[in-house]
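Everything below concerns the one structure shown next.
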Amino acid sequence: MEVVYEDNHIIIVNKSCSEIVQGDKTGDKPLAETVKDYIKEKYHKPGNVFLGVVHRLDRPVSGLVVFARTSKALSRLNEMFRTKEVHKTYWAIVGKRPPLPQGELVHWLVRNERQNKSYAYEREKPGAKLAILDYRLVGSSDRYFLLEVELKTGRHHQIRCQLAAMGCPIKGDLKYGSPRSNPDGGICLHARRLRFVHPVSGEEICVEAPLPSFPLWRCFKDLAED
């Protein structure tokens with residue numbers, strides 16, 4: 001576990017693509033419990049450690065996850081995420097050049113619970129939710145393209161589904177049309193940057209996650225260090 005930021009009220013960690021944020025049917029130890037163990041050991045806390053899960057990333061996605069260390073921070077962060085006061089920037093590696101170097105994607109997404117998958121439509125359908133994101137091409141290698149994505153809504157598998165609908169599935173994402181999986185089982189989608197006003201102090205927080213160790217990310221290492 002890599003801690004990117006911490007204080008008395010919040011802690012932000014850089015999740016690997018193999019971790020789950022909260023417990024699920026797999027029974028694997030979730031990141032939330034690892035963070036609790038870290039806090040308990042570092043601060044010598046007796047008894048149970050309070051930790052609030054504010055948001056989640058899909059298991060195969062890496063990057064920044066925010067947790068609340070106090071109930072005050074938890075309630076305020078929940079409201080900030082609900083009202084889109086937390087600005088999230090993702091990096092995605094795709095195998096096809098997008099039709100335009102930058103643009104806005106607008107779709108109506110329908111979630112299939114049984115398949116754990118979302119489907120994108122150009123027009124509204126019963127049960128569909130509006131999904132909007134901005135993307136721009138920020139780098140390329142011999143075979144791959146790096147997109148920076150800013151979410152305007154937060155829907156199930158939104159980035160994965162909308163980029164695939166554009167014809168640019170994320171590398172390694174078999175569920176949304178990538179031809180091959182990644183050796184580490186993850187996909188090349190990384191929650192790169194978070195910007196928000198601290199829920200207690202009022203200070204502006206802007207943090208970036210280091211790139212994953214998956215070798216393809218090294219092609220874009222210089223961009224990350226600019």
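Simple scheme: letters A, B, ... for chains in structure tokens order, numbers from 1 for residues in each chain, numbers from 1 for ligands in the order shown.
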query = So which residues touch Leu77 in chain A within 9 Å, counting only C-alpha atoms, skipping near sequence neighbours fewer than 5 positions away, as number ranges by chain?
reply = A: 54, 68, 72, 82, 86, 198-199
Fewer than 6 positions away in the same chain doesn't count, so skip those; otherwise give me all residues within 9 Å of range 19-27 of chain A, counting only C-alpha atoms, as a PDB file with C-alpha atoms, in the first residue's frame.
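Output below, filename part-v4.pdb:
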ATOM      1  CA  GLU A  33      -8.843  -3.242   5.982  1.00  0.00           C
ATOM      2  CA  VAL A  53     -15.189   4.414   2.457  1.00  0.00           C
ATOM      3  CA  HIS A  55     -15.850   6.083  -3.129  1.00  0.00           C
ATOM      4  CA  ARG A  56     -14.569   3.033  -4.979  1.00  0.00           C
ATOM      5  CA  LEU A  57     -12.528   2.014  -7.994  1.00  0.00           C
ATOM      6  CA  ASP A  58     -13.200  -1.145  -9.989  1.00  0.00           C
ATOM      7  CA  ARG A  59     -10.842  -3.943  -8.999  1.00  0.00           C
ATOM      8  CA  PRO A  60      -8.813  -3.911 -12.269  1.00  0.00           C
ATOM      9  CA  VAL A  61      -8.369  -0.109 -12.073  1.00  0.00           C
ATOM     10  CA  SER A  62      -5.411   1.468 -10.251  1.00  0.00           C
ATOM     11  CA  VAL A  65      -8.716   6.267  -3.378  1.00  0.00           C
TER      12      VAL A  65
END
query = Looking at A:Lys96, A:Arg195, A:Lys152, A:His157, which one is nearest to Lys171 in chain A, with distances taken over only C-alpha atoms?
reply = A:Lys96
key: Selected residue, from A:Lys117, A:His87, A:Arg218, A:His44, that lies nearest to Arg155 in chain A when counting only C-alpha atoms   = A:Lys117
Near Ala131 in chain A, counting only C-alpha atoms, which residues have an atom at most 7 Å away, once you skip same-chain residues fewer than 2 positions from it, shown as a PDB file with N, CA and C atoms, in the first residue's frame?
ATOM      1  N   VAL A 106     -20.901  11.897 -24.861  1.00  0.00           N
ATOM      2  CA  VAL A 106     -22.202  11.908 -24.197  1.00  0.00           C
ATOM      3  C   VAL A 106     -22.954  10.648 -24.604  1.00  0.00           C
ATOM      4  N   HIS A 107     -23.290   9.826 -23.637  1.00  0.00           N
ATOM      5  CA  HIS A 107     -24.042   8.595 -23.893  1.00  0.00           C
ATOM      6  C   HIS A 107     -25.103   8.407 -22.810  1.00  0.00           C
ATOM      7  N   TRP A 108     -26.008   7.501 -23.108  1.00  0.00           N
ATOM      8  CA  TRP A 108     -26.949   7.010 -22.101  1.00  0.00           C
ATOM      9  C   TRP A 108     -26.535   5.576 -21.777  1.00  0.00           C
ATOM     10  N   LEU A 109     -26.219   5.319 -20.505  1.00  0.00           N
ATOM     11  CA  LEU A 109     -25.708   4.009 -20.102  1.00  0.00           C
ATOM     12  C   LEU A 109     -26.794   3.186 -19.414  1.00  0.00           C
ATOM     13  N   LYS A 129     -28.941   6.043 -17.739  1.00  0.00           N
ATOM     14  CA  LYS A 129     -28.449   7.217 -17.024  1.00  0.00           C
ATOM     15  C   LYS A 129     -27.489   7.990 -17.928  1.00  0.00           C
ATOM     16  N   LEU A 133     -18.241  12.685 -20.294  1.00  0.00           N
ATOM     17  CA  LEU A 133     -16.831  12.848 -19.949  1.00  0.00           C
ATOM     18  C   LEU A 133     -16.131  13.655 -21.032  1.00  0.00           C
ATOM     19  N   THR A 153     -19.801  13.024 -14.931  1.00  0.00           N
ATOM     20  CA  THR A 153     -20.781  12.234 -14.187  1.00  0.00           C
ATOM     21  C   THR A 153     -20.058  11.008 -13.653  1.00  0.00           C
ATOM     22  N   ARG A 155     -20.812   7.164 -13.425  1.00  0.00           N
ATOM     23  CA  ARG A 155     -21.668   6.014 -13.710  1.00  0.00           C
ATOM     24  C   ARG A 155     -20.873   4.717 -13.660  1.00  0.00           C
ATOM     25  N   GLN A 158     -18.152   3.804 -16.336  1.00  0.00           N
ATOM     26  CA  GLN A 158     -18.387   4.862 -17.325  1.00  0.00           C
ATOM     27  C   GLN A 158     -17.250   5.038 -18.322  1.00  0.00           C
TER      28      GLN A 158
END
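Compared by their closest atoms to Glu122 in chain A, and using only C-alpha atoms, the residues A:Gly103, A:Gln162, A:Asp222, A:Phe214 rank with A:Gln162 nearest.
Summary of the local environment: counting only C-alpha atoms, residues at most 10 Å from range 143-146 of chain A, other than itself and those fewer than 2 positions away along its chain, are A:Trp91, A:Ala92, A:Ile93, A:Val94, A:Gly95, A:Lys96, A:Arg97, A:Pro98, A:Arg136, A:Leu137, A:Val138, A:Gly139, A:Ser140, A:Ser141, A:Glu148, A:Val149, A:Cys168, A:Ile170, A:Lys171, A:Cys188, A:Leu189, A:Leu216, A:Trp217, A:Cys219, A:Phe220, A:Leu223.
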What would the file look like if the residues just selected were written as an mmCIF file, in the first residue's frame with C-alpha atoms?
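Saved result, again_33.cif, follows:
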data_model
loop_
_atom_site.group_PDB
_atom_site.id
_atom_site.type_symbol
_atom_site.label_atom_id
_atom_site.label_comp_id
_atom_site.auth_asym_id
_atom_site.auth_seq_id
_atom_site.Cartn_x
_atom_site.Cartn_y
_atom_site.Cartn_z
ATOM 1 C CA TRP A 91 -5.278 8.279 -17.541
ATOM 2 C CA ALA A 92 -6.180 5.493 -19.941
ATOM 3 C CA ILE A 93 -4.048 3.623 -22.467
ATOM 4 C CA VAL A 94 -5.938 2.544 -25.581
ATOM 5 C CA GLY A 95 -4.878 0.632 -28.694
ATOM 6 C CA LYS A 96 -6.592 2.863 -31.242
ATOM 7 C CA ARG A 97 -6.177 6.569 -31.918
ATOM 8 C CA PRO A 98 -9.392 8.444 -31.060
ATOM 9 C CA ARG A 136 -7.862 14.512 -24.752
ATOM 10 C CA LEU A 137 -4.958 12.717 -26.356
ATOM 11 C CA VAL A 138 -1.838 13.499 -24.305
ATOM 12 C CA GLY A 139 0.727 11.005 -25.614
ATOM 13 C CA SER A 140 1.414 8.119 -27.950
ATOM 14 C CA SER A 141 3.908 5.301 -28.456
ATOM 15 C CA GLU A 148 -6.558 11.995 -20.140
ATOM 16 C CA VAL A 149 -10.169 11.768 -19.019
ATOM 17 C CA CYS A 168 -11.056 2.864 -28.199
ATOM 18 C CA ILE A 170 -8.850 0.325 -22.741
ATOM 19 C CA LYS A 171 -5.884 -2.013 -23.041
ATOM 20 C CA CYS A 188 -4.688 0.324 -18.234
ATOM 21 C CA LEU A 189 -6.977 2.782 -16.446
ATOM 22 C CA LEU A 216 3.614 -0.197 -20.826
ATOM 23 C CA TRP A 217 3.183 2.780 -18.503
ATOM 24 C CA CYS A 219 6.353 4.647 -22.333
ATOM 25 C CA PHE A 220 4.566 7.616 -20.795
ATOM 26 C CA LEU A 223 4.680 12.900 -19.361
#
task = Mind giving me the straight-line distance from CA of Leu194 in chain A to CA of Leu174 in chain A in Å, one decimal?
result =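 CA of Leu194 in chain A sits 26.9 Å away from CA of Leu174 in chain A.
The coordinates place CA of Arg180 in chain A at 17.6 Å from CA of Ala165 in chain A.
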message = Give me, as a PyMOL selection string, the residues of range 146-221 of chain A that a backbone DSSP run labels strand (DSSP E).
response = chain A and resi 146-151+189-197+204-208
Given the selection you just returned, output its residues as a file containing N, CA and C atoms, formatted as a PDB file, in the first residue's frame.
ATOM      1  N   LEU A 146      -2.253   7.470 -25.123  1.00  0.00           N
ATOM      2  CA  LEU A 146      -2.595   7.832 -23.754  1.00  0.00           C
ATOM      3  C   LEU A 146      -3.637   8.944 -23.772  1.00  0.00           C
ATOM      4  N   LEU A 147      -4.767   8.668 -23.132  1.00  0.00           N
ATOM      5  CA  LEU A 147      -5.844   9.646 -23.033  1.00  0.00           C
ATOM      6  C   LEU A 147      -5.971  10.132 -21.597  1.00  0.00           C
ATOM      7  N   GLU A 148      -6.210  11.430 -21.445  1.00  0.00           N
ATOM      8  CA  GLU A 148      -6.558  11.995 -20.140  1.00  0.00           C
ATOM      9  C   GLU A 148      -8.058  12.222 -20.127  1.00  0.00           C
ATOM     10  N   VAL A 149      -8.706  11.743 -19.082  1.00  0.00           N
ATOM     11  CA  VAL A 149     -10.169  11.768 -19.019  1.00  0.00           C
ATOM     12  C   VAL A 149     -10.617  12.529 -17.775  1.00  0.00           C
ATOM     13  N   GLU A 150     -11.556  13.460 -17.984  1.00  0.00           N
ATOM     14  CA  GLU A 150     -12.184  14.184 -16.879  1.00  0.00           C
ATOM     15  C   GLU A 150     -13.647  13.767 -16.826  1.00  0.00           C
ATOM     16  N   LEU A 151     -14.058  13.223 -15.697  1.00  0.00           N
ATOM     17  CA  LEU A 151     -15.445  12.787 -15.546  1.00  0.00           C
ATOM     18  C   LEU A 151     -16.355  13.953 -15.189  1.00  0.00           C
ATOM     19  N   LEU A 189      -6.212   1.613 -16.884  1.00  0.00           N
ATOM     20  CA  LEU A 189      -6.977   2.782 -16.446  1.00  0.00           C
ATOM     21  C   LEU A 189      -6.502   3.140 -15.046  1.00  0.00           C
ATOM     22  N   HIS A 190      -6.087   4.392 -14.886  1.00  0.00           N
ATOM     23  CA  HIS A 190      -5.409   4.821 -13.661  1.00  0.00           C
ATOM     24  C   HIS A 190      -6.034   6.122 -13.167  1.00  0.00           C
ATOM     25  N   ALA A 191      -6.532   6.109 -11.931  1.00  0.00           N
ATOM     26  CA  ALA A 191      -7.054   7.329 -11.312  1.00  0.00           C
ATOM     27  C   ALA A 191      -5.860   8.202 -10.936  1.00  0.00           C
ATOM     28  N   ARG A 192      -5.519   9.110 -11.824  1.00  0.00           N
ATOM     29  CA  ARG A 192      -4.247   9.821 -11.770  1.00  0.00           C
ATOM     30  C   ARG A 192      -4.230  11.004 -10.801  1.00  0.00           C
ATOM     31  N   ARG A 193      -5.333  11.782 -10.772  1.00  0.00           N
ATOM     32  CA  ARG A 193      -5.287  13.036 -10.024  1.00  0.00           C
ATOM     33  C   ARG A 193      -6.619  13.289  -9.327  1.00  0.00           C
ATOM     34  N   LEU A 194      -6.537  13.857  -8.124  1.00  0.00           N
ATOM     35  CA  LEU A 194      -7.721  14.287  -7.378  1.00  0.00           C
ATOM     36  C   LEU A 194      -7.513  15.716  -6.898  1.00  0.00           C
ATOM     37  N   ARG A 195      -8.562  16.521  -7.042  1.00  0.00           N
ATOM     38  CA  ARG A 195      -8.498  17.906  -6.563  1.00  0.00           C
ATOM     39  C   ARG A 195      -9.810  18.233  -5.860  1.00  0.00           C
ATOM     40  N   PHE A 196      -9.710  18.730  -4.627  1.00  0.00           N
ATOM     41  CA  PHE A 196     -10.900  19.074  -3.866  1.00  0.00           C
ATOM     42  C   PHE A 196     -10.507  19.958  -2.695  1.00  0.00           C
ATOM     43  N   VAL A 197     -11.493  20.559  -2.071  1.00  0.00           N
ATOM     44  CA  VAL A 197     -11.272  21.364  -0.872  1.00  0.00           C
ATOM     45  C   VAL A 197     -11.390  20.453   0.340  1.00  0.00           C
ATOM     46  N   GLU A 204      -7.096  23.642  -0.173  1.00  0.00           N
ATOM     47  CA  GLU A 204      -7.221  22.920  -1.433  1.00  0.00           C
ATOM     48  C   GLU A 204      -6.221  21.765  -1.464  1.00  0.00           C
ATOM     49  N   ILE A 205      -6.711  20.587  -1.787  1.00  0.00           N
ATOM     50  CA  ILE A 205      -5.887  19.393  -1.884  1.00  0.00           C
ATOM     51  C   ILE A 205      -5.812  18.976  -3.350  1.00  0.00           C
ATOM     52  N   CYS A 206      -4.602  18.791  -3.842  1.00  0.00           N
ATOM     53  CA  CYS A 206      -4.414  18.283  -5.197  1.00  0.00           C
ATOM     54  C   CYS A 206      -3.297  17.245  -5.142  1.00  0.00           C
ATOM     55  N   VAL A 207      -3.631  16.007  -5.436  1.00  0.00           N
ATOM     56  CA  VAL A 207      -2.655  14.923  -5.335  1.00  0.00           C
ATOM     57  C   VAL A 207      -2.622  14.125  -6.641  1.00  0.00           C
ATOM     58  N   GLU A 208      -1.456  13.552  -6.923  1.00  0.00           N
ATOM     59  CA  GLU A 208      -1.281  12.715  -8.099  1.00  0.00           C
ATOM     60  C   GLU A 208      -0.754  11.354  -7.684  1.00  0.00           C
TER      61      GLU A 208
END
task = Have a look at CA of Leu51 in chain A and CA of Asp184 in chain A and let me know their distance in Å, one decimal.
result = 28.4 Å
task = Looking only at helix (DSSP H, G or I) from DSSP on the backbone, list the matching residues of range 5-97 of chain A as a VMD selection string.
result = chain A and resid 31 to 42 71 to 82
query = Using only C-alpha atoms, which residues sit within 10 Å of Gly185 in chain A once same-chain residues fewer than 2 positions away are excluded, as a PyMOL selection string?
reply = chain A and resi 17-18+59-61+172-173+181-183+187
Take the residues just selected and output them with N, CA and C atoms as a compact mmCIF listing (two decimals), in the first residue's frame.
# COMPACT_ATOMS: atom_id res chain seq x y z
N CYS A 17 -3.93 -2.53 -9.18
CA CYS A 17 -5.04 -3.09 -9.96
C CYS A 17 -5.55 -4.41 -9.39
N SER A 18 -4.86 -5.01 -8.46
CA SER A 18 -5.28 -6.30 -7.92
C SER A 18 -6.16 -6.16 -6.68
N ARG A 59 -12.03 -3.16 -9.38
CA ARG A 59 -10.84 -3.94 -9.00
C ARG A 59 -9.69 -3.84 -10.01
N PRO A 60 -9.95 -3.95 -11.33
CA PRO A 60 -8.81 -3.91 -12.27
C PRO A 60 -8.25 -2.52 -12.52
N VAL A 61 -8.82 -1.49 -11.89
CA VAL A 61 -8.37 -0.11 -12.07
C VAL A 61 -7.42 0.27 -10.95
N GLY A 172 -6.30 -4.22 -22.16
CA GLY A 172 -6.49 -5.23 -21.13
C GLY A 172 -7.92 -5.44 -20.70
N ASP A 173 -8.84 -4.57 -21.17
CA ASP A 173 -10.22 -4.64 -20.70
C ASP A 173 -11.05 -5.56 -21.62
N SER A 181 -5.84 -9.68 -22.60
CA SER A 181 -5.75 -9.26 -21.21
C SER A 181 -4.32 -8.83 -20.89
N ASN A 182 -4.16 -8.12 -19.79
CA ASN A 182 -2.83 -7.77 -19.30
C ASN A 182 -2.30 -8.88 -18.39
N PRO A 183 -1.00 -9.09 -18.37
CA PRO A 183 -0.43 -10.16 -17.54
C PRO A 183 -0.78 -10.05 -16.06
N ILE A 187 -6.40 -3.51 -15.93
CA ILE A 187 -6.59 -2.79 -17.18
C ILE A 187 -5.82 -1.48 -17.08
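Of the listed residues A:Leu64, A:Met80, A:Ala73, A:Leu211, the one whose atoms come nearest to Tyr5 in chain A is A:Leu64, with distances taken using only C-alpha atoms.
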remark   = The residue from A:Gly154, A:Val200, A:Leu31, A:Gln102 with the smallest atom-to-atom distance to Lys84 in chain A, counting only C-alpha atoms, is A:Gly154
query = Taking into account only C-alpha atoms, which residue in the set A:Lys221, A:Arg69, A:Lys45, A:Lys88 is nearest to Ile159 in chain A?
reply =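 Under the stated criterion, the closest residue is A:Lys88.
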inquiry  = Residues within 9 Å of His156 in chain A, please, as number ranges by chain. Count only C-alpha atoms; anything in the same chain fewer than 5 positions from it doesn't count.
reply    = A: 109-111, 116-118, 161
Those residues with N, CA and C atoms, as a short mmCIF file (atom, residue, chain, number, x, y, z; two decimals), in the first residue's frame please?
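Now in again06.cif:
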data_model
loop_
_atom_site.label_atom_id
_atom_site.label_comp_id
_atom_site.auth_asym_id
_atom_site.auth_seq_id
_atom_site.Cartn_x
_atom_site.Cartn_y
_atom_site.Cartn_z
N LEU A 109 -26.22 5.32 -20.51
CA LEU A 109 -25.71 4.01 -20.10
C LEU A 109 -26.79 3.19 -19.41
N VAL A 110 -26.88 1.93 -19.82
CA VAL A 110 -27.79 0.98 -19.19
C VAL A 110 -26.93 -0.11 -18.55
N ARG A 111 -27.12 -0.31 -17.26
CA ARG A 111 -26.33 -1.30 -16.53
C ARG A 111 -27.02 -2.65 -16.53
N ASN A 116 -22.63 -7.58 -14.94
CA ASN A 116 -21.77 -6.55 -14.35
C ASN A 116 -21.10 -5.74 -15.47
N LYS A 117 -21.94 -5.20 -16.33
CA LYS A 117 -21.46 -4.47 -17.50
C LYS A 117 -22.46 -3.39 -17.87
N SER A 118 -21.96 -2.28 -18.43
CA SER A 118 -22.84 -1.22 -18.91
C SER A 118 -22.79 -1.14 -20.43
N CYS A 161 -16.78 1.95 -20.58
CA CYS A 161 -17.87 1.79 -21.53
C CYS A 161 -17.85 2.87 -22.61
#
